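Dropping coords_26.tsv in here (TSV, C-alpha atoms):
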chain	number	residue	atom	x	y	z
S	550	MET	CA	0.00	0.00	0.00
S	551	ALA	CA	2.83	2.35	0.86
S	552	ASN	CA	4.62	1.53	-2.38
S	553	THR	CA	1.45	2.26	-4.33
S	554	GLN	CA	1.06	5.61	-2.56
S	555	ILE	CA	4.73	6.46	-3.21
S	556	LEU	CA	4.35	5.61	-6.91
S	557	THR	CA	1.19	7.69	-7.10
S	558	GLU	CA	2.91	10.71	-5.56
S	559	ALA	CA	5.86	10.25	-7.93
S	560	GLU	CA	3.52	10.16	-10.90
S	561	GLN	CA	1.77	13.28	-9.65
S	562	ASN	CA	5.08	15.10	-9.24
S	563	ASN	CA	6.10	14.01	-12.73
S	564	ARG	CA	2.84	15.29	-14.18
S	565	ARG	CA	3.30	18.62	-12.38
S	566	ARG	CA	6.77	18.98	-13.87
S	567	GLN	CA	5.43	18.15	-17.33
S	568	ARG	CA	2.63	20.71	-16.98
S	569	LYS	CA	5.12	23.33	-15.82
S	570	ARG	CA	7.40	22.61	-18.79
S	571	ALA	CA	4.45	22.76	-21.16
S	572	LEU	CA	3.35	26.07	-19.62
S	573	VAL	CA	6.84	27.50	-20.12
S	574	ALA	CA	6.87	26.29	-23.74
S	575	TYR	CA	3.43	27.76	-24.43
S	576	SER	CA	4.47	31.05	-22.86
S	577	PHE	CA	7.27	31.34	-25.43
S	578	ILE	CA	5.04	30.71	-28.44
S	579	ALA	CA	2.03	32.63	-27.09
S	580	PRO	CA	3.12	36.14	-28.21
S	581	ASN	CA	3.72	35.03	-31.79
S	582	PHE	CA	0.55	32.92	-31.86
S	583	ILE	CA	-1.58	35.74	-30.43
S	584	GLY	CA	-0.11	38.17	-32.95
S	585	PHE	CA	-0.82	35.75	-35.80
S	586	ALA	CA	-4.38	35.15	-34.58
S	587	VAL	CA	-5.17	38.87	-34.13
S	588	PHE	CA	-3.38	40.41	-37.10
S	589	THR	CA	-3.37	37.60	-39.70
S	590	PHE	CA	-5.82	34.76	-39.12
S	591	GLY	CA	-8.59	36.99	-37.74
S	592	PRO	CA	-8.51	39.47	-40.66
S	593	ILE	CA	-8.47	36.57	-43.15
S	594	ILE	CA	-11.66	35.12	-41.67
S	595	LEU	CA	-13.24	38.58	-41.50
S	596	ALA	CA	-12.36	39.27	-45.15
S	597	MET	CA	-13.94	35.98	-46.22
S	598	ILE	CA	-17.14	36.94	-44.39
S	599	MET	CA	-17.13	40.50	-45.71
S	600	ALA	CA	-16.77	39.24	-49.29
S	601	PHE	CA	-20.47	38.44	-49.13
S	602	MET	CA	-21.43	41.66	-47.34
S	603	GLU	CA	-22.01	45.27	-48.32
S	604	TRP	CA	-20.26	47.62	-45.89
S	605	ASP	CA	-18.79	51.10	-46.02
S	606	GLY	CA	-17.15	50.92	-42.60
S	607	ASN	CA	-19.80	53.15	-41.03
S	608	ASN	CA	-23.28	51.74	-41.58
S	609	PRO	CA	-24.30	48.21	-40.52
S	610	MET	CA	-23.24	45.30	-42.70
S	611	LYS	CA	-25.74	43.98	-45.21
S	612	PHE	CA	-25.64	40.46	-46.64
S	613	VAL	CA	-25.65	40.57	-50.46
S	614	GLY	CA	-24.53	37.04	-51.35
S	615	ILE	CA	-22.45	36.87	-54.53
S	616	GLN	CA	-23.44	40.35	-55.69
S	617	ASN	CA	-19.96	41.71	-54.89
S	618	PHE	CA	-18.40	39.14	-57.23
S	619	ILE	CA	-20.91	40.00	-59.96
S	620	ASN	CA	-20.09	43.69	-59.57
S	621	ILE	CA	-16.35	42.99	-59.68
S	622	PHE	CA	-16.41	41.02	-62.92
S	623	SER	CA	-18.52	43.75	-64.53
S	624	ASP	CA	-16.02	46.42	-63.43
S	625	ALA	CA	-13.66	47.36	-66.26
S	626	ARG	CA	-11.09	48.57	-63.75
S	627	PHE	CA	-10.93	45.15	-62.06
S	628	ILE	CA	-10.61	43.38	-65.41
S	629	ALA	CA	-7.76	45.73	-66.32
S	630	SER	CA	-6.04	45.09	-62.97
S	631	LEU	CA	-6.32	41.33	-63.47
S	632	LYS	CA	-4.90	41.53	-67.00
S	633	ASN	CA	-2.05	43.81	-65.89
S	634	THR	CA	-1.15	41.52	-63.00
S	635	ILE	CA	-1.07	38.48	-65.29
S	636	VAL	CA	1.07	40.33	-67.86
S	637	TYR	CA	3.39	41.51	-65.09
S	638	ALA	CA	3.79	37.94	-63.79
S	639	ILE	CA	4.24	36.41	-67.25
S	640	PHE	CA	7.20	38.68	-68.04
S	641	THR	CA	8.69	39.15	-64.57
S	642	VAL	CA	8.86	35.52	-63.44
S	643	PRO	CA	10.84	33.98	-66.34
S	644	LEU	CA	13.07	37.01	-66.92
S	645	THR	CA	13.99	37.32	-63.24
S	646	LEU	CA	14.65	33.59	-63.03
S	647	ILE	CA	16.88	33.53	-66.13
S	648	ILE	CA	18.88	36.61	-65.15
S	649	ALA	CA	19.29	35.45	-61.54
S	650	LEU	CA	20.50	32.02	-62.69
S	651	ALA	CA	22.90	33.55	-65.21
S	652	LEU	CA	24.34	35.88	-62.58
S	653	ALA	CA	24.66	33.03	-60.10
S	654	ILE	CA	26.55	30.85	-62.58
S	655	LEU	CA	28.82	33.76	-63.55
S	656	LEU	CA	29.54	34.84	-59.97
S	657	ASN	CA	30.05	31.25	-58.85
S	658	GLN	CA	33.20	31.15	-60.96
S	659	LYS	CA	36.59	32.20	-59.64
S	660	VAL	CA	36.59	35.70	-61.13
S	661	HIS	CA	38.38	38.79	-59.85
S	662	GLY	CA	36.17	40.95	-57.62
S	663	ARG	CA	33.54	38.24	-57.26
S	664	ASN	CA	32.46	39.29	-53.76
S	665	PHE	CA	32.18	42.92	-54.85
S	666	PHE	CA	29.91	42.08	-57.78
S	667	ARG	CA	27.81	39.80	-55.57
S	668	THR	CA	27.30	42.68	-53.15
S	669	VAL	CA	26.47	45.15	-55.91
S	670	THR	CA	23.93	42.76	-57.42
S	671	PHE	CA	22.28	42.03	-54.08
S	672	PHE	CA	22.23	45.65	-52.88
S	673	PRO	CA	19.05	46.78	-54.73
S	674	TYR	CA	17.05	44.09	-52.93
S	675	VAL	CA	18.00	45.28	-49.44
S	676	ALA	CA	17.98	49.00	-50.30
S	677	SER	CA	14.97	51.13	-49.42
S	678	LEU	CA	12.30	50.93	-52.10
S	679	VAL	CA	11.56	54.64	-51.75
S	680	ALA	CA	15.21	55.53	-52.30
S	681	VAL	CA	15.85	53.26	-55.28
S	682	ALA	CA	12.50	54.22	-56.87
S	683	ALA	CA	13.45	57.89	-56.57
S	684	VAL	CA	16.82	57.20	-58.23
S	685	TRP	CA	15.13	55.10	-60.91
S	686	ASN	CA	12.65	57.91	-61.65
S	687	MET	CA	15.56	60.35	-61.96
S	688	LEU	CA	17.37	58.07	-64.41
S	689	PHE	CA	14.23	57.37	-66.43
S	690	THR	CA	12.72	60.82	-66.21
S	691	PRO	CA	10.41	61.50	-69.18
S	692	ALA	CA	12.20	64.77	-69.92
S	693	LYS	CA	14.93	64.84	-72.56
S	694	GLY	CA	17.43	65.72	-69.83
S	695	GLY	CA	17.08	62.28	-68.24
S	696	ILE	CA	20.22	60.14	-68.37
S	697	VAL	CA	18.57	57.18	-70.10
S	698	ASN	CA	16.82	59.40	-72.63
S	699	GLN	CA	20.09	61.23	-73.29
S	700	ILE	CA	21.73	57.89	-74.10
S	701	LEU	CA	18.85	56.97	-76.39
S	702	LEU	CA	19.10	60.33	-78.19
S	703	ASN	CA	22.85	60.71	-78.47
S	704	VAL	CA	24.05	57.11	-78.81
S	705	PHE	CA	21.20	55.21	-80.45
S	706	HIS	CA	19.50	58.24	-82.10
S	707	MET	CA	16.14	57.15	-80.72
S	708	PRO	CA	13.39	59.51	-79.54
S	709	ALA	CA	13.01	60.16	-75.82
S	710	MET	CA	10.52	57.96	-74.01
S	711	LYS	CA	8.16	58.86	-71.17
S	712	TRP	CA	8.74	55.53	-69.38
S	713	ALA	CA	6.59	55.40	-66.21
S	714	ALA	CA	4.75	58.59	-67.18
S	715	ALA	CA	3.10	57.12	-70.28
S	716	PRO	CA	0.35	54.48	-70.34
S	717	LYS	CA	2.05	52.57	-73.19
S	718	THR	CA	5.39	52.14	-71.41
S	719	VAL	CA	4.52	52.23	-67.71
S	720	MET	CA	4.11	48.45	-67.33
S	721	MET	CA	7.36	47.82	-69.18
S	722	THR	CA	9.13	50.20	-66.79
S	723	ILE	CA	7.61	48.48	-63.76
S	724	ILE	CA	8.73	45.07	-65.04
S	725	MET	CA	12.27	46.32	-65.67
S	726	PHE	CA	12.46	47.83	-62.19
S	727	SER	CA	11.11	44.67	-60.53
S	728	ILE	CA	13.67	42.48	-62.29
S	729	TRP	CA	16.52	44.81	-61.37
S	730	LYS	CA	15.49	45.08	-57.72
S	731	ASN	CA	14.76	41.41	-57.02
S	732	MET	CA	17.26	39.51	-59.18
S	733	GLY	CA	19.97	39.77	-56.49
S	734	TYR	CA	17.87	37.92	-53.93
S	735	TYR	CA	17.17	35.00	-56.25
S	736	MET	CA	20.79	35.06	-57.41
S	737	VAL	CA	21.84	34.33	-53.81
S	738	ILE	CA	19.37	31.43	-53.66
S	739	TYR	CA	20.78	30.01	-56.88
S	740	LEU	CA	24.32	30.48	-55.59
S	741	ALA	CA	23.45	28.33	-52.58
S	742	GLY	CA	22.01	25.72	-54.91
S	743	LEU	CA	25.05	25.73	-57.18
S	744	GLN	CA	27.45	25.33	-54.28
S	745	GLY	CA	25.47	22.32	-53.12
S	746	ILE	CA	26.06	20.43	-56.38
S	747	ASN	CA	28.62	17.64	-56.10
S	748	GLY	CA	31.68	18.59	-58.16
S	749	GLU	CA	32.25	14.95	-59.08
S	750	LEU	CA	29.22	15.13	-61.35
S	751	TYR	CA	30.93	17.79	-63.48
S	752	GLU	CA	34.14	15.77	-63.50
S	753	ALA	CA	32.29	12.68	-64.67
S	754	ALA	CA	30.51	14.67	-67.38
S	755	GLY	CA	33.83	16.14	-68.52
S	756	LEU	CA	35.37	12.67	-68.77
S	757	ASP	CA	32.42	11.62	-70.94
S	758	GLY	CA	33.23	14.49	-73.32
S	759	ALA	CA	30.41	16.84	-72.34
S	760	ASN	CA	30.94	20.48	-73.28
S	761	ALA	CA	29.92	23.49	-71.15
S	762	TRP	CA	26.36	23.61	-72.52
S	763	GLN	CA	25.84	19.88	-72.01
S	764	ARG	CA	27.16	20.09	-68.44
S	765	PHE	CA	24.73	22.92	-67.77
S	766	ARG	CA	21.79	21.11	-69.37
S	767	TYR	CA	22.33	17.62	-67.97
S	768	VAL	CA	24.00	18.39	-64.62
S	769	THR	CA	23.28	21.93	-63.45
S	770	VAL	CA	19.63	22.21	-64.44
S	771	PRO	CA	18.50	18.85	-62.96
S	772	GLN	CA	20.44	19.44	-59.76
S	773	LEU	CA	18.88	22.91	-59.38
S	774	LYS	CA	15.34	21.61	-59.89
S	775	PRO	CA	14.26	22.07	-56.22
S	776	THR	CA	15.82	25.54	-56.14
S	777	THR	CA	14.12	26.53	-59.39
S	778	PHE	CA	10.79	25.25	-58.11
S	779	PHE	CA	11.15	27.38	-54.97
S	780	VAL	CA	12.13	30.44	-57.01
S	781	ILE	CA	9.15	30.04	-59.35
S	782	ILE	CA	6.71	29.69	-56.45
S	783	MET	CA	8.07	32.75	-54.62
S	784	LEU	CA	8.26	34.85	-57.77
S	785	THR	CA	4.71	33.98	-58.77
S	786	ILE	CA	3.27	34.81	-55.36
S	787	ASN	CA	5.22	38.07	-55.15
S	788	CYS	CA	4.12	39.09	-58.65
S	789	PHE	CA	0.46	38.63	-57.85
S	790	LYS	CA	0.71	40.64	-54.64
S	791	VAL	CA	2.81	43.49	-56.08
S	792	TYR	CA	1.72	46.93	-54.93
S	793	ASP	CA	4.53	49.11	-53.60
S	794	ILE	CA	6.60	49.11	-56.80
S	795	VAL	CA	3.59	50.11	-58.89
S	796	TYR	CA	2.65	52.85	-56.44
S	797	MET	CA	6.16	54.30	-56.27
S	798	LEU	CA	6.90	54.26	-60.00
S	799	ALA	CA	3.48	55.15	-61.37
S	800	GLY	CA	3.08	58.02	-58.93
S	801	GLY	CA	0.11	56.94	-56.85
S	802	SER	CA	-3.11	58.88	-57.30
S	803	ASN	CA	-1.31	61.63	-59.21
S	804	GLY	CA	0.39	59.33	-61.70
S	805	VAL	CA	-0.78	56.84	-64.30
S	806	ILE	CA	-2.48	54.35	-62.01
S	807	ASN	CA	-5.09	53.78	-64.68
S	808	LYS	CA	-6.02	50.82	-66.84
S	809	SER	CA	-2.42	50.64	-68.06
S	810	ALA	CA	-0.80	50.22	-64.65
S	811	ILE	CA	-3.34	49.22	-62.02
S	812	VAL	CA	-2.76	45.78	-60.46
S	813	LEU	CA	-4.96	43.61	-58.27
S	814	VAL	CA	-3.60	44.67	-54.90
S	815	TYR	CA	-3.87	48.34	-55.84
S	816	TYR	CA	-7.47	47.75	-56.92
S	817	ILE	CA	-8.17	46.13	-53.53
S	818	TYR	CA	-6.59	49.08	-51.73
S	819	GLU	CA	-8.48	51.59	-53.82
S	820	GLU	CA	-11.87	49.94	-53.30
S	821	ALA	CA	-11.30	49.66	-49.55
S	822	PHE	CA	-9.70	52.97	-48.58
S	823	ARG	CA	-10.79	55.37	-51.31
S	824	ASN	CA	-14.20	54.16	-52.39
S	825	TRP	CA	-14.98	52.58	-48.99
S	826	LYS	CA	-16.47	49.50	-50.61
S	827	LEU	CA	-15.09	47.05	-48.09
S	828	GLY	CA	-17.26	44.19	-49.34
S	829	THR	CA	-16.03	44.61	-52.91
S	830	SER	CA	-12.45	44.88	-51.69
S	831	SER	CA	-12.81	41.68	-49.65
S	832	ALA	CA	-14.32	39.86	-52.62
S	833	ALA	CA	-11.37	40.93	-54.79
S	834	SER	CA	-9.00	39.75	-52.04
S	835	LEU	CA	-10.68	36.37	-52.01
S	836	ILE	CA	-10.38	36.12	-55.80
S	837	LEU	CA	-6.67	36.97	-55.56
S	838	PHE	CA	-6.21	34.31	-52.88
S	839	LEU	CA	-7.92	31.67	-55.02
S	840	ILE	CA	-5.83	32.61	-58.08
S	841	VAL	CA	-2.55	32.32	-56.17
S	842	LEU	CA	-3.68	29.09	-54.49
S	843	THR	CA	-4.67	27.55	-57.83
S	844	ILE	CA	-1.39	28.50	-59.51
S	845	THR	CA	0.60	27.18	-56.56
S	846	LEU	CA	-1.27	23.86	-56.53
S	847	ILE	CA	-0.74	23.47	-60.28
S	848	GLN	CA	2.97	24.13	-59.84
S	849	PHE	CA	3.18	21.62	-56.99
S	850	ARG	CA	1.35	19.04	-59.10
S	851	GLY	CA	3.67	19.67	-62.05
S	852	GLU	CA	6.73	19.36	-59.82
S	853	LYS	CA	5.44	16.10	-58.35
S	854	ASN	CA	4.74	14.63	-61.79
S	855	TYR	CA	8.16	15.73	-63.03
S	856	ALA	CA	9.84	14.11	-60.04
S	857	ASN	CA	8.02	10.82	-60.64
S	858	ASP	CA	9.05	10.63	-64.30
Target encoding structure tokens, full file:
Amino acid sequence: MANTQILTEAEQNNRRRQRKRALVAYSFIAPNFIGFAVFTFGPIILAMIMAFMEWDGNNPMKFVGIQNFINIFSDARFIASLKNTIVYAIFTVPLTLIIALALAILLNQKVHGRNFFRTVTFFPYVASLVAVAAVWNMLFTPAKGGIVNQILLNVFHMPAMKWAAAPKTVMMTIIMFSIWKNMGYYMVIYLAGLQGINGELYEAAGLDGANAWQRFRYVTVPQLKPTTFFVIIMLTINCFKVYDIVYMLAGGSNGVINKSAIVLVYYIYEEAFRNWKLGTSSAASLILFLIVLTITLIQFRGEKNYAND
């Protein structure tokens, strides 16, 4: 009987220690979890509910069903934002990927000043967007006195362009800026992937008579498949949620944020905080979420099928 009581007390003490350890562990994750629940998960659930409501932020909410979605797809401005976002992603994703991979391969070689060029290439990504956008606008100023336009006039004898100030060229300018700013980040990711490739594979390919292109095609590309998949996923998601670059280059409400430059996230912002159509904005947010989710699932499925082949 005494042994049973002693064992029971020992088990109770052990359970107390386990509860205390669990309480300490939960106390460490609680701040992050509470922040996620309040500022991320809660707003997501609220946005999904508001997508089926009509609300201006002042009057009571009114349930309207799918009317917000009907209104959105009949809005020419939303259709333009969807088209612009798709065009932006179609050009930005492959060009950024190709340039980042090319830079990574080049700067993975033993070249003089390699660390300097790595730093220079990566710097635009970590630099303040406001600062680099201001410099970019100075270089690509629509006036003839702009540096880029001076080069076009004096070297290539081409007429000056308005760049981000003209509806016909604003999206091209945004794409160029996005590639320049983000290619350094993905270059670093590719550098990590390249340095993880076993050098014996290149030696074996060289012994089999493979040239530089064949080594790249049959060794580098397959070995970088997981890295490329990650880069494509991140680039696609970032392209569909682009906002700040468009706002800074196209000049906000005073620039050419029109059918030539508006993107989905800007449309969501505009509907919510300028037109105060919070239901419409939430519906557009839900559509954006579904688009990104669908594209991501397709990419995951394609990657899985490719890996099984």
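Distance annotation: of S:Leu784, S:Val679, S:Leu644, S:Met597, the residue with the minimal separation from Gly614 in chain S is S:Met597; atom set is all atoms listed in the file.
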Between S:Leu656, S:Ile700, S:Leu839, S:Leu798, which is the closest to Val681 in chain S once you count all atoms listed in the file?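 Closest to Val681 in chain S, using all atoms listed in the file: S:Leu798.
CA of Glu819 in chain S to CA of Tyr796 in chain S spans 11.5 Å [interatomic distance, one decimal].
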Contact residues around Met732 in chain S with only C-alpha atoms at 6 Å, ignoring same-chain residues under 4 positions, as a ChimeraX atom specification: /S:645,649,728,736
Kindly indicate which residue among S:Ala676, S:Leu650, S:Val791, S:Leu813 lies nearest to Tyr735 in chain S, using only C-alpha atoms for the distances.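 Closest to Tyr735 in chain S of all the choices is S:Leu650.
The interatomic distance for the pair CA of Pro775 in chain S and CA of Ser834 in chain S works out to 29.5 Å.
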One decimal, Å: what's the distance from CA of Thr668 in chain S over to CA of Met725 in chain S, could you say?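 So the answer is 19.9 Å.
Using all atoms listed in the file, the smallest distance between any of S:Arg568, S:Val613, S:Leu837, S:Leu743 and Leu652 in chain S comes from S:Leu743.
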Just checking: using all atoms listed in the file, which residue out of S:Val642, S:Leu678, S:Ile648, S:Val660 ends up closest to Ile794 in chain S?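 Closest candidate: S:Leu678.
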Given the choices S:Ala810, S:Glu558, S:Gly695, S:Phe582, which gets closest to Lys632 in chain S if the distance is worked out from only C-alpha atoms?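 Among S:Ala810, S:Glu558, S:Gly695, S:Phe582, it is S:Ala810 that comes nearest to Lys632 in chain S.
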If you count only C-alpha atoms, which residues fall within 12 Å of Ala741 in chain S, apart from same-chain ones fewer than 2 positions away, as a PyMOL selection string? chain S and resi 650+653-654+656-657+734-739+743-746+772-773+775-777
